[in-house]
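K.L.:
To be precise about what I am sending: the file is called structure-v7.txt and holds compact mmCIF, C-alpha atoms.
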```txt
# COMPACT_ATOMS: atom_id res chain seq x y z
CA MET A 1 -7.12 -8.68 -18.26
CA SER A 2 -8.72 -8.52 -14.84
CA SER A 3 -10.69 -10.53 -12.33
CA THR A 4 -11.79 -10.29 -8.74
CA THR A 5 -11.75 -12.57 -5.71
CA GLY A 6 -14.85 -11.15 -4.01
CA VAL A 7 -13.62 -12.32 -0.58
CA TRP A 8 -11.07 -10.93 1.86
CA PRO A 9 -8.59 -12.35 2.38
CA PRO A 10 -8.57 -14.35 -0.86
CA PRO A 11 -9.66 -17.92 -0.05
CA ARG A 12 -7.48 -20.97 -0.46
CA GLU A 13 -8.92 -21.83 -3.89
CA PHE A 14 -7.77 -18.44 -5.15
CA TRP A 15 -4.15 -19.44 -4.50
CA THR A 16 -4.44 -23.06 -5.58
CA ASP A 17 -6.67 -22.59 -8.65
CA THR A 18 -7.43 -19.00 -9.71
CA LEU A 19 -3.96 -17.47 -9.41
CA PRO A 20 -2.12 -20.24 -11.31
CA GLU A 21 -4.81 -20.27 -14.00
CA LYS A 22 -4.85 -16.50 -14.55
CA THR A 23 -1.06 -16.15 -14.50
CA ASP A 24 -0.08 -19.16 -16.60
CA GLY A 25 1.43 -20.91 -13.61
CA MET A 26 2.78 -17.74 -11.93
CA ARG A 27 4.62 -16.69 -15.13
CA ARG A 28 2.48 -13.80 -16.38
CA PRO A 29 1.26 -10.60 -14.70
CA HIS A 30 -2.44 -10.36 -13.96
CA LEU A 31 -4.65 -7.65 -12.46
CA PHE A 32 -7.17 -8.64 -9.79
CA LYS A 33 -9.84 -5.98 -9.36
CA GLY A 34 -11.21 -4.78 -6.04
CA VAL A 35 -9.21 -7.22 -3.94
CA VAL A 36 -8.10 -5.11 -0.97
CA PRO A 37 -10.82 -3.47 1.17
CA THR A 38 -10.11 -0.06 2.68
CA SER A 39 -10.46 -1.63 6.13
CA ALA A 40 -7.31 -3.68 5.44
CA ALA A 41 -5.15 -0.95 3.88
CA ASN A 42 -5.59 2.51 2.42
CA ALA A 43 -3.67 5.64 1.49
CA ALA A 44 -4.19 7.23 4.91
CA SER A 45 -2.65 4.25 6.73
CA VAL A 46 0.43 4.47 4.48
CA LEU A 47 0.86 8.16 5.33
CA GLU A 48 0.46 7.28 9.01
CA GLY A 49 3.35 4.84 8.54
CA PHE A 50 5.41 7.67 7.06
CA ALA A 51 4.47 9.79 10.08
CA ALA A 52 5.88 7.02 12.32
CA ILE A 53 9.19 7.16 10.43
CA ARG A 54 9.21 10.93 10.97
CA ARG A 55 8.45 10.42 14.68
CA ALA A 56 11.42 8.07 15.04
CA HIS A 57 13.65 10.56 13.22
CA ALA A 58 12.58 13.35 15.58
CA ALA A 59 13.31 11.15 18.61
CA GLY A 60 16.70 10.07 17.27
CA VAL A 61 15.60 6.43 17.23
CA GLU A 62 17.43 4.27 14.69
CA ILE A 63 15.01 2.09 12.70
CA THR A 64 15.21 -0.18 9.68
CA ALA A 65 12.30 1.45 7.84
CA ASN A 66 13.44 4.33 5.68
CA ALA A 67 12.25 6.97 3.25
CA ARG A 68 13.75 7.81 -0.14
CA VAL A 69 12.90 10.96 -2.06
CA TYR A 70 12.96 11.34 -5.84
CA VAL A 71 12.27 14.33 -8.07
CA GLY A 72 11.61 12.90 -11.49
CA GLU A 73 14.08 10.05 -11.84
CA GLU A 74 16.70 11.78 -9.69
CA HIS A 75 17.35 10.28 -6.28
CA ARG A 76 17.53 13.16 -3.78
CA PRO A 77 19.05 11.90 -0.50
CA ASP A 78 19.81 15.55 0.31
CA LEU A 79 16.06 16.13 0.78
CA VAL A 80 15.39 13.23 3.13
CA ASP A 81 16.32 15.01 6.37
CA LYS A 82 14.22 18.00 5.34
CA VAL A 83 11.21 15.82 4.62
CA LEU A 84 11.63 13.92 7.89
CA ALA A 85 12.26 16.96 10.08
CA ALA A 86 9.73 19.48 8.72
CA ASP A 87 6.55 20.31 10.62
CA GLY A 88 3.70 17.98 9.72
CA TRP A 89 1.10 18.56 7.04
CA ALA A 90 -2.46 19.67 7.57
CA GLU A 91 -5.17 17.08 6.98
CA GLY A 92 -5.75 16.60 3.26
CA ASP A 93 -2.75 18.76 2.40
CA PHE A 94 0.00 16.16 1.99
CA VAL A 95 0.67 16.80 -1.71
CA ALA A 96 1.16 20.55 -1.27
CA TRP A 97 3.31 19.87 1.82
CA MET A 98 5.61 17.52 -0.12
CA GLN A 99 5.81 19.91 -3.06
CA GLU A 100 6.96 22.62 -0.67
CA GLN A 101 9.61 20.39 0.93
CA VAL A 102 11.13 19.17 -2.36
CA GLY A 103 10.69 22.41 -4.30
CA ALA A 104 9.06 20.64 -7.24
CA GLU A 105 5.56 19.95 -8.48
CA ARG A 106 6.06 16.23 -9.09
CA PHE A 107 7.70 13.92 -6.61
CA SER A 108 8.12 10.31 -5.53
CA LEU A 109 8.43 9.05 -1.98
CA VAL A 110 9.48 5.42 -1.47
CA LEU A 111 9.04 3.85 1.97
CA ASN A 112 10.77 0.54 2.71
CA THR A 113 9.95 -2.01 5.45
CA LEU A 114 6.67 -0.28 6.21
CA GLU A 115 5.42 -3.32 8.12
CA SER A 116 7.93 -2.48 10.86
CA VAL A 117 6.44 0.96 11.59
CA SER A 118 2.73 0.39 10.97
CA GLU A 119 0.79 -2.07 13.10
CA PRO A 120 -2.43 -1.50 11.07
CA LEU A 121 -0.74 -2.25 7.74
CA ALA A 122 1.16 -5.23 9.12
CA ALA A 123 -2.13 -6.66 10.42
CA GLY A 124 -4.36 -5.69 7.49
CA LEU A 125 -2.08 -6.81 4.68
CA GLY A 126 -0.87 -9.60 6.94
CA GLU A 127 -4.24 -11.26 6.30
CA PHE A 128 -3.33 -11.31 2.61
CA VAL A 129 0.14 -12.71 3.28
CA GLY A 130 -1.23 -15.29 5.70
CA ALA A 131 -3.73 -16.52 3.10
CA LEU A 132 -0.94 -16.57 0.50
CA ILE A 133 1.26 -18.73 2.73
CA ASP A 134 -1.59 -21.14 3.46
CA GLY A 135 -2.58 -21.48 -0.20
CA TRP A 136 0.67 -21.02 -2.08
CA GLY A 137 3.67 -21.46 0.20
CA VAL A 138 6.20 -19.88 2.50
CA PRO A 139 8.70 -17.30 1.18
CA ALA A 140 11.85 -18.29 3.09
CA GLY A 141 12.95 -14.67 3.42
CA GLY A 142 9.53 -13.35 4.35
CA ALA A 143 7.56 -10.52 2.74
CA GLU A 144 8.01 -6.76 2.89
CA LEU A 145 5.82 -3.67 2.42
CA VAL A 146 7.27 -1.05 0.06
CA ALA A 147 5.14 2.05 -0.50
CA PHE A 148 5.25 4.26 -3.59
CA VAL A 149 3.74 7.66 -2.84
CA GLY A 150 3.55 10.61 -5.20
CA ASN A 151 2.39 12.19 -8.43
CA TYR A 152 5.41 11.10 -10.47
CA SER A 153 5.12 10.62 -14.21
CA GLY A 154 7.16 7.39 -14.07
CA THR A 155 8.71 5.07 -11.52
CA ALA A 156 11.97 6.65 -10.39
CA PHE A 157 13.82 3.39 -11.10
CA GLY A 158 12.88 3.63 -14.78
CA VAL A 159 11.76 0.53 -16.64
CA HIS A 160 13.40 -2.14 -14.52
CA GLU A 161 13.37 -5.84 -13.69
CA GLY A 162 11.73 -7.28 -10.59
CA TYR A 163 13.74 -10.13 -9.14
CA GLU A 164 11.05 -11.72 -6.99
CA ASN A 165 7.35 -12.53 -7.18
CA ALA A 166 5.32 -9.60 -5.85
CA PHE A 167 1.87 -8.12 -5.57
CA LEU A 168 1.35 -4.41 -6.18
CA THR A 169 -1.68 -3.15 -4.27
CA HIS A 170 -3.13 0.23 -5.16
CA TYR A 171 -5.06 2.73 -3.01
CA GLY A 172 -5.48 5.79 -5.23
CA PRO A 173 -6.94 8.31 -5.26
CA GLY A 174 -5.49 8.52 -8.78
CA THR A 175 -5.22 5.68 -11.29
CA LYS A 176 -1.81 4.11 -11.91
CA ASP A 177 -0.93 2.94 -15.42
CA PHE A 178 1.38 -0.04 -15.26
CA TYR A 179 3.32 -1.62 -18.11
CA CYS A 180 5.03 -5.02 -18.14
CA TRP A 181 7.41 -6.92 -20.44
CA SER A 182 8.81 -10.42 -20.19
CA ALA A 183 12.60 -10.62 -19.95
CA GLU A 184 12.76 -12.04 -23.47
CA GLU A 185 10.58 -9.26 -24.90
CA TYR A 186 12.51 -6.56 -23.10
CA ARG A 187 15.89 -7.79 -24.32
CA LYS A 188 14.56 -8.05 -27.87
CA LEU A 189 13.20 -4.49 -27.77
CA THR A 190 16.06 -2.76 -25.96
CA GLY A 191 19.05 -4.96 -26.74
CA GLY A 192 19.86 -5.69 -23.10
CA SER A 193 18.66 -5.98 -19.51
CA ASP A 194 19.70 -2.59 -18.13
CA PRO A 195 16.99 -0.27 -16.75
CA LEU A 196 15.67 2.29 -19.22
CA TYR A 197 15.38 5.93 -18.11
CA GLY A 198 14.24 9.15 -19.73
CA ASP A 199 11.94 9.08 -22.73
CA TYR A 200 10.79 5.48 -23.09
CA THR A 201 7.30 6.26 -24.38
CA TRP A 202 8.14 4.33 -27.55
CA LEU A 203 8.48 1.20 -25.44
CA LEU A 204 5.08 1.48 -23.75
CA GLU A 205 3.07 0.48 -26.80
CA HIS A 206 4.92 -2.84 -26.79
CA GLY A 207 4.13 -3.55 -23.13
CA GLU A 208 1.15 -5.18 -21.45
CA HIS A 209 -0.91 -2.38 -19.92
CA PHE A 210 -2.84 -2.49 -16.63
CA ALA A 211 -4.89 0.36 -15.13
CA LEU A 212 -4.78 0.07 -11.33
CA GLU A 213 -7.65 1.61 -9.38
CA PRO A 214 -8.13 1.76 -5.60
CA GLY A 215 -8.37 -1.72 -4.10
CA ASP A 216 -6.73 -3.49 -7.05
CA ALA A 217 -3.84 -5.95 -6.76
CA LEU A 218 -1.49 -6.70 -9.64
CA PHE A 219 0.48 -9.93 -9.55
CA LEU A 220 4.03 -9.39 -10.82
CA PRO A 221 6.01 -12.59 -11.46
CA GLU A 222 9.74 -12.68 -10.85
CA ARG A 223 12.04 -11.46 -13.64
CA VAL A 224 9.35 -9.30 -15.30
CA PHE A 225 10.34 -5.79 -16.43
CA HIS A 226 7.89 -3.08 -15.48
CA VAL A 227 7.24 0.62 -14.89
CA GLY A 228 4.39 2.59 -13.29
CA ARG A 229 3.12 5.94 -14.56
CA GLN A 230 0.47 8.33 -13.30
CA SER A 231 -0.75 11.87 -13.79
CA GLU A 232 -2.39 12.31 -10.36
CA PHE A 233 -1.28 11.72 -6.80
CA SER A 234 -1.70 8.16 -5.63
CA VAL A 235 -0.39 5.60 -3.17
CA SER A 236 0.59 2.00 -3.93
CA VAL A 237 2.16 -0.70 -1.76
CA ALA A 238 4.23 -3.51 -3.20
CA ILE A 239 4.47 -6.83 -1.35
CA PRO A 240 7.62 -8.59 -2.61
CA LEU A 241 8.04 -12.23 -1.59
CA TYR A 242 11.66 -12.94 -0.75
CA THR A 243 12.58 -16.50 -1.56
CA PHE A 244 16.30 -15.97 -2.41
CA PRO A 245 18.38 -18.53 -4.33
CA ASP A 246 19.38 -21.55 -2.23
CA ALA A 247 23.04 -20.83 -3.01
CA ALA A 248 22.67 -17.27 -1.71
CA ILE A 249 21.18 -18.48 1.58
CA ALA A 250 23.92 -21.07 2.00
CA ARG A 251 26.60 -18.51 1.17
CA GLY A 252 25.16 -15.75 3.30
CA TRP A 253 24.06 -17.57 6.45
CA ILE A 254 25.05 -21.23 6.62
CA ALA A 255 28.61 -21.23 5.26
CA PRO A 256 29.92 -18.37 7.46
CA ASP A 257 28.68 -20.05 10.64
CA LEU A 258 30.12 -23.40 9.58
CA LEU A 259 33.53 -21.97 8.68
CA GLU A 260 33.63 -19.91 11.86
CA SER A 261 33.09 -23.13 13.78
CA VAL A 262 35.59 -25.35 11.99
CA LEU A 263 38.25 -22.63 11.71
CA ALA A 264 38.02 -21.43 15.30
CA SER A 265 41.49 -20.39 16.47
CA GLU A 266 41.26 -19.35 20.08
CA PRO A 267 44.51 -18.45 21.90
CA ASP A 268 46.17 -21.29 23.84
CA THR A 269 44.81 -23.95 21.47
CA ASP A 270 46.62 -25.89 18.75
CA ALA A 271 44.59 -24.07 16.07
CA GLY A 272 45.42 -20.74 17.66
CA ARG A 273 49.18 -21.28 17.81
CA PRO A 274 51.02 -18.77 15.55
CA SER A 275 52.56 -20.20 12.41
CA PRO A 276 56.38 -20.33 12.36
CA MET A 277 58.52 -17.80 10.58
CA GLN A 278 58.97 -18.84 6.94
CA PRO A 279 62.56 -19.00 5.60
CA LEU A 280 63.09 -16.41 2.88
CA THR A 281 65.07 -18.82 0.71
CA ALA A 282 62.32 -21.45 0.78
CA GLY A 283 59.78 -19.20 -0.95
CA PRO A 284 56.00 -19.37 -0.40
CA ASP A 285 55.54 -23.09 -1.14
CA GLU A 286 55.72 -24.30 2.48
CA LEU A 287 53.28 -21.57 3.60
CA ALA A 288 50.90 -22.54 0.79
CA ARG A 289 51.11 -26.20 1.83
CA ARG A 290 50.27 -25.39 5.45
CA LEU A 291 47.34 -23.14 4.52
CA GLY A 292 46.08 -25.66 1.99
CA THR A 293 46.05 -28.40 4.60
CA VAL A 294 44.16 -26.24 7.09
CA ALA A 295 41.62 -25.17 4.45
CA ALA A 296 41.11 -28.71 3.12
CA ASP A 297 40.62 -30.11 6.62
CA ALA A 298 38.17 -27.30 7.43
CA PHE A 299 36.09 -27.85 4.29
CA SER A 300 36.04 -31.60 4.94
CA ALA A 301 34.78 -31.01 8.45
CA ALA A 302 32.27 -28.45 7.17
CA ALA A 303 30.96 -30.92 4.60
CA GLU A 304 30.31 -33.45 7.35
CA GLN A 305 28.39 -30.86 9.37
CA ALA A 306 26.58 -29.19 6.45
CA THR A 307 23.38 -31.23 6.57
CA ALA A 308 22.87 -30.64 10.29
CA ALA A 309 23.72 -26.94 9.95
CA ALA A 310 21.27 -26.53 7.06
CA ALA A 311 18.55 -28.30 9.04
CA GLN A 312 19.10 -26.02 12.03
CA HIS A 313 19.04 -22.91 9.84
CA ALA A 314 15.92 -24.02 7.95
CA HIS A 315 14.14 -24.77 11.24
CA GLN A 316 14.95 -21.36 12.66
CA ARG A 317 14.13 -19.49 9.44
CA TRP A 318 10.83 -21.36 9.00
CA TYR A 319 9.49 -20.56 12.45
CA THR A 320 10.89 -17.05 12.41
CA VAL A 321 8.97 -16.16 9.25
CA LEU A 322 5.74 -17.93 10.23
CA SER A 323 5.68 -16.49 13.75
CA ASN A 324 6.19 -13.04 12.24
CA GLY A 325 3.01 -13.36 10.21
CA GLY A 326 5.02 -13.95 7.05
CA TRP A 327 6.89 -10.65 7.27
CA GLN A 328 10.66 -10.48 7.01
CA GLN A 329 12.55 -10.16 10.26
CA THR A 330 14.02 -6.75 11.02
CA ASP A 331 16.29 -5.86 13.91
CA ARG A 332 15.19 -2.25 14.44
CA ASP A 333 11.43 -2.70 14.27
CA LEU A 334 9.84 0.48 15.64
CA ALA A 335 6.32 -0.91 15.98
CA ARG A 336 7.55 -4.06 17.72
CA ASP A 337 9.69 -2.07 20.16
CA GLU A 338 6.82 0.30 21.01
CA VAL A 339 4.40 -2.57 21.64
CA ALA A 340 6.98 -4.43 23.73
CA ALA A 341 7.65 -1.33 25.83
CA ALA A 342 3.94 -0.84 26.52
CA PHE A 343 3.57 -4.50 27.50
CA ALA A 344 6.60 -4.30 29.80
CA ALA A 345 5.02 -1.35 31.62
CA ALA A 346 1.79 -3.26 32.23
CA GLU A 347 1.14 -5.21 35.43
CA LEU A 348 0.62 -8.93 34.88
CA THR A 349 -1.38 -10.63 37.62
CA PRO A 350 -3.77 -13.57 37.80
CA GLY A 351 -6.97 -12.57 35.99
CA THR A 352 -5.16 -10.46 33.42
CA SER A 353 -6.23 -11.31 29.88
CA VAL A 354 -3.70 -11.40 27.02
CA THR A 355 -3.69 -12.46 23.39
CA VAL A 356 -1.31 -12.83 20.46
CA ARG A 357 -1.44 -9.76 18.23
CA ALA A 358 -2.54 -10.18 14.62
CA PRO A 359 -1.00 -11.25 12.29
CA TYR A 360 1.65 -12.91 14.43
CA GLN A 361 1.70 -16.48 15.78
CA LEU A 362 3.08 -18.07 18.91
CA MET A 363 4.86 -21.30 17.93
CA VAL A 364 6.55 -23.63 20.38
CA THR A 365 8.85 -26.33 19.06
CA GLY A 366 10.81 -28.36 21.58
CA ARG A 367 12.21 -25.92 24.10
CA GLN A 368 12.04 -22.94 21.74
CA ALA A 369 9.25 -20.40 21.45
CA PHE A 370 8.90 -18.15 18.41
CA LEU A 371 6.72 -15.05 18.36
CA ARG A 372 6.83 -12.05 16.06
CA GLY A 373 10.07 -13.28 14.52
CA CYS A 374 11.82 -13.50 17.90
CA GLU A 375 13.06 -16.67 19.57
CA THR A 376 13.06 -17.35 23.31
CA ALA A 377 13.62 -20.37 25.54
CA ALA A 378 10.42 -22.21 26.41
CA ASP A 379 9.31 -24.80 28.92
CA PRO A 380 6.80 -27.01 27.08
CA ALA A 381 5.29 -27.97 30.42
CA VAL A 382 4.31 -24.31 30.89
CA LEU A 383 3.59 -23.28 27.31
CA THR A 384 1.47 -26.33 26.56
CA PRO A 385 -0.06 -26.91 23.09
CA ALA A 386 -3.52 -26.15 24.47
CA LEU A 387 -2.38 -22.83 25.96
CA VAL A 388 -0.56 -21.85 22.76
CA GLU A 389 -3.70 -22.57 20.76
CA ARG A 390 -5.83 -20.42 23.10
CA LEU A 391 -3.39 -17.50 22.99
CA ASN A 392 -3.32 -17.59 19.21
CA ALA A 393 -7.12 -17.80 19.02
CA GLY A 394 -7.94 -14.82 21.24
CA PRO A 395 -7.93 -13.35 24.75
CA THR A 396 -6.77 -15.78 27.43
CA THR A 397 -7.09 -15.13 31.15
CA LEU A 398 -3.94 -15.86 33.13
CA PRO A 399 -4.27 -18.25 36.06
CA ASP A 400 -2.48 -17.92 39.41
CA ASP A 401 0.68 -19.57 38.08
CA PRO A 402 3.95 -17.65 38.60
CA ALA A 403 5.82 -19.77 36.04
CA LEU A 404 3.23 -19.07 33.36
CA ILE A 405 3.05 -15.37 34.16
CA ALA A 406 6.86 -15.20 33.94
CA ALA A 407 6.73 -16.95 30.55
CA ILE A 408 4.08 -14.50 29.31
CA ARG A 409 6.24 -11.61 30.49
CA THR A 410 9.15 -13.01 28.45
CA LEU A 411 6.95 -13.43 25.38
CA GLY A 412 5.69 -9.87 25.81
CA ALA A 413 9.22 -8.62 25.14
CA THR A 414 8.82 -9.79 21.52
CA GLY A 415 6.06 -7.26 20.89
CA GLY A 416 3.75 -10.08 19.91
CA LEU A 417 1.26 -9.91 22.80
CA SER A 418 -1.55 -7.52 23.73
CA LEU A 419 -3.04 -6.89 27.13
CA THR A 420 -6.81 -7.15 26.60
CA THR A 421 -8.20 -6.76 30.13
CA LYS A 422 -6.99 -6.12 33.64
CA PRO A 423 -8.32 -8.01 36.68
CA GLU A 424 -10.33 -5.03 37.97
CA GLU A 425 -12.11 -4.73 34.61
CA THR A 426 -13.65 -8.19 35.04
CA ALA A 427 -14.31 -8.02 38.79
```
Let me see whether you can do it: turn the structure in this file into structure tokens.
P.N.:
Amino acid sequence: MSSTTGVWPPPREFWTDTLPEKTDGMRRPHLFKGVVPTSAANAASVLEGFAAIRRAHAAGVEITANARVYVGEEHRPDLVDKVLAADGWAEGDFVAWMQEQVGAERFSLVLNTLESVSEPLAAGLGEFVGALIDGWGVPAGGAELVAFVGNYSGTAFGVHEGYENAFLTHYGPGTKDFYCWSAEEYRKLTGGSDPLYGDYTWLLEHGEHFALEPGDALFLPERVFHVGRQSEFSVSVAIPLYTFPDAAIARGWIAPDLLESVLASEPDTDAGRPSPMQPLTAGPDELARRLGTVAADAFSAAAEQATAAAAQHAHQRWYTVLSNGGWQQTDRDLARDEVAAAFAAAELTPGTSVTVRAPYQLMVTGRQAFLRGCETAADPAVLTPALVERLNAGPTTLPDDPALIAAIRTLGATGGLSLTTKPEETA
């Protein structure tokens, strides 16, 4: 039940041929052995990401990335502040440190949106996501890094359903035993679709078993029930691919903007004029008629604008995800903000060398520039296709061009650029 790619990141034929073949067209789980090299991701880099979350907590900086603590299957939000605020652990002593903080021998620490606090993980596993996008396709909602850290005897969420395609990468040091069931099998065995907690050992013998060792990657198709179990401390990172139902995207992002536009009711406009008092004796019928007319007119207008609104949203979402290296966009991205602040403090002069940071891409479409999930205005005469290609490919020396240097300064605020040399270093 295993295979290996032998190349990092997995080549295009892995996504177009091997993955579909081994997973029955992306419908069955499959374990790929020795996929992720330690240079791309490892247990230490995950703990460094956790340290970044702790650093933000100590500084009072609000970030999207968060930590959840579980003892057994019990969610313990009361322990989060203690875990985030305690003095750090000695090297090689993380397990004992966590046991002391939670007051229990076995624990689970779940870290969400890890790509927004760890530049090394975002870059290392970003190679995997970039290859996935090139060979398989673009997840419209982007990808996320979710770490599972601990010596827990079973996933704190119990046996549960995964709603999106995902890869579970494992870094050890212990082995993780993973069990999977199709939705049909799970319903037949349990009588429903609810998560199963407590003693579910009877169910394990009916599941498909995978033993994850350091460097392995398990493909988990959408709608597959699963649970992880281990007897030793280990670290795993899930990479869920957020595609979202089309209806959910339309409901969540497109429809609100459309309705806000067609139902605008600013003061001193016809649409903003208060409705008249309604006669008590007339009942609610006249009010219902008025509201029905307004709603019907609005939905008619929205229908006429829907195609253009969807095109605009798809354009923005597409370039946002791709420019962010495939990762989901987050507003309070600690790593991005720290990189942007360092770039803002640097002096940009002719002869300075800059480059786009991996795994991000600079993309210019029309008069818009996208970098690291952020959008800025762009002058295509300044950010030419040739210049964009050079910046994406590696270090580029800035000429004596104030307009270009100003554009680079603006792009630097996205956190997507690195300063590689200063003029005096090349003199």
K.L.:
Taking 6 positions as the minimum chain separation for residues in the same chain, which residues sit within 6 Å of region 68-83 of chain A when counting all atoms listed in the file? Answer as JSON, numbers by chain.
P.N.:
{"A": [107, 108, 109, 110, 156]}
K.L.:
Using the file's own x, y and z axes, what box holds all listed atoms of region 307-312 of chain A with 4 Å on each side, keeping edges along x, y and z, and what are its centre and edge lengths in Å to one decimal, as JSON?
P.N.:
```
{"center_x": 21.1, "center_y": -28.6, "center_z": 9.3, "size_x": 13.2, "size_y": 13.2, "size_z": 13.5}
```
K.L.:
Extract, using all atoms listed in the file, all DNA, RNA and protein residues at most 7 Å from region 187-197 of chain A, discarding same-chain residues fewer than 3 positions from it, and format them as a PDB file with C-alpha atoms, in the coordinates of the input.
P.N.:
```pdb
ATOM      1  CA  GLY A 158      12.880   3.630 -14.780  1.00  0.00           C
ATOM      2  CA  VAL A 159      11.760   0.530 -16.640  1.00  0.00           C
ATOM      3  CA  HIS A 160      13.400  -2.140 -14.520  1.00  0.00           C
ATOM      4  CA  ALA A 183      12.600 -10.620 -19.950  1.00  0.00           C
ATOM      5  CA  GLU A 184      12.760 -12.040 -23.470  1.00  0.00           C
ATOM      6  CA  TYR A 200      10.790   5.480 -23.090  1.00  0.00           C
TER       7      TYR A 200
END
```
K.L.:
Near Ala44 (chain A), within 12 Å and counting only C-alpha atoms, which residues show up once chain neighbours fewer than 2 positions away are dropped, as an NGL selection string?
P.N.:
:A and (38-42 or 46-51 or 91-94 or 118 or 120-121 or 147 or 149 or 171-173 or 234-236)
K.L.:
From the options A:Asp216, A:Asp297, A:Glu161, A:Glu144, which residue's atoms come nearest to Ser116 (chain A), counting all atoms listed in the file?
P.N.:
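Counting all atoms listed in the file, the residue closest to Ser116 (chain A) is A:Glu144.
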K.L.:
Using only C-alpha atoms, which protein or nucleic acid residues come within 12 Å of Pro276 (chain A)? Drop anything in the same chain fewer than 5 positions from it, and give the result as JSON, numbers by chain.
P.N.:
{"A": [286, 287, 290]}
K.L.:
Nearest residue to Thr352 (chain A) out of A:Thr320, A:Gln230, A:Thr421, A:Gln305, using only C-alpha atoms?
P.N.:
A:Thr421
K.L.:
Point out the residue among A:Leu348, A:Leu404, A:Ala143, A:Leu280 with the least atom-to-atom distance to Pro380 (chain A), counting all atoms listed in the file.
P.N.:
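Looking at the shortest contact to Pro380 (chain A), the residue is A:Leu404.
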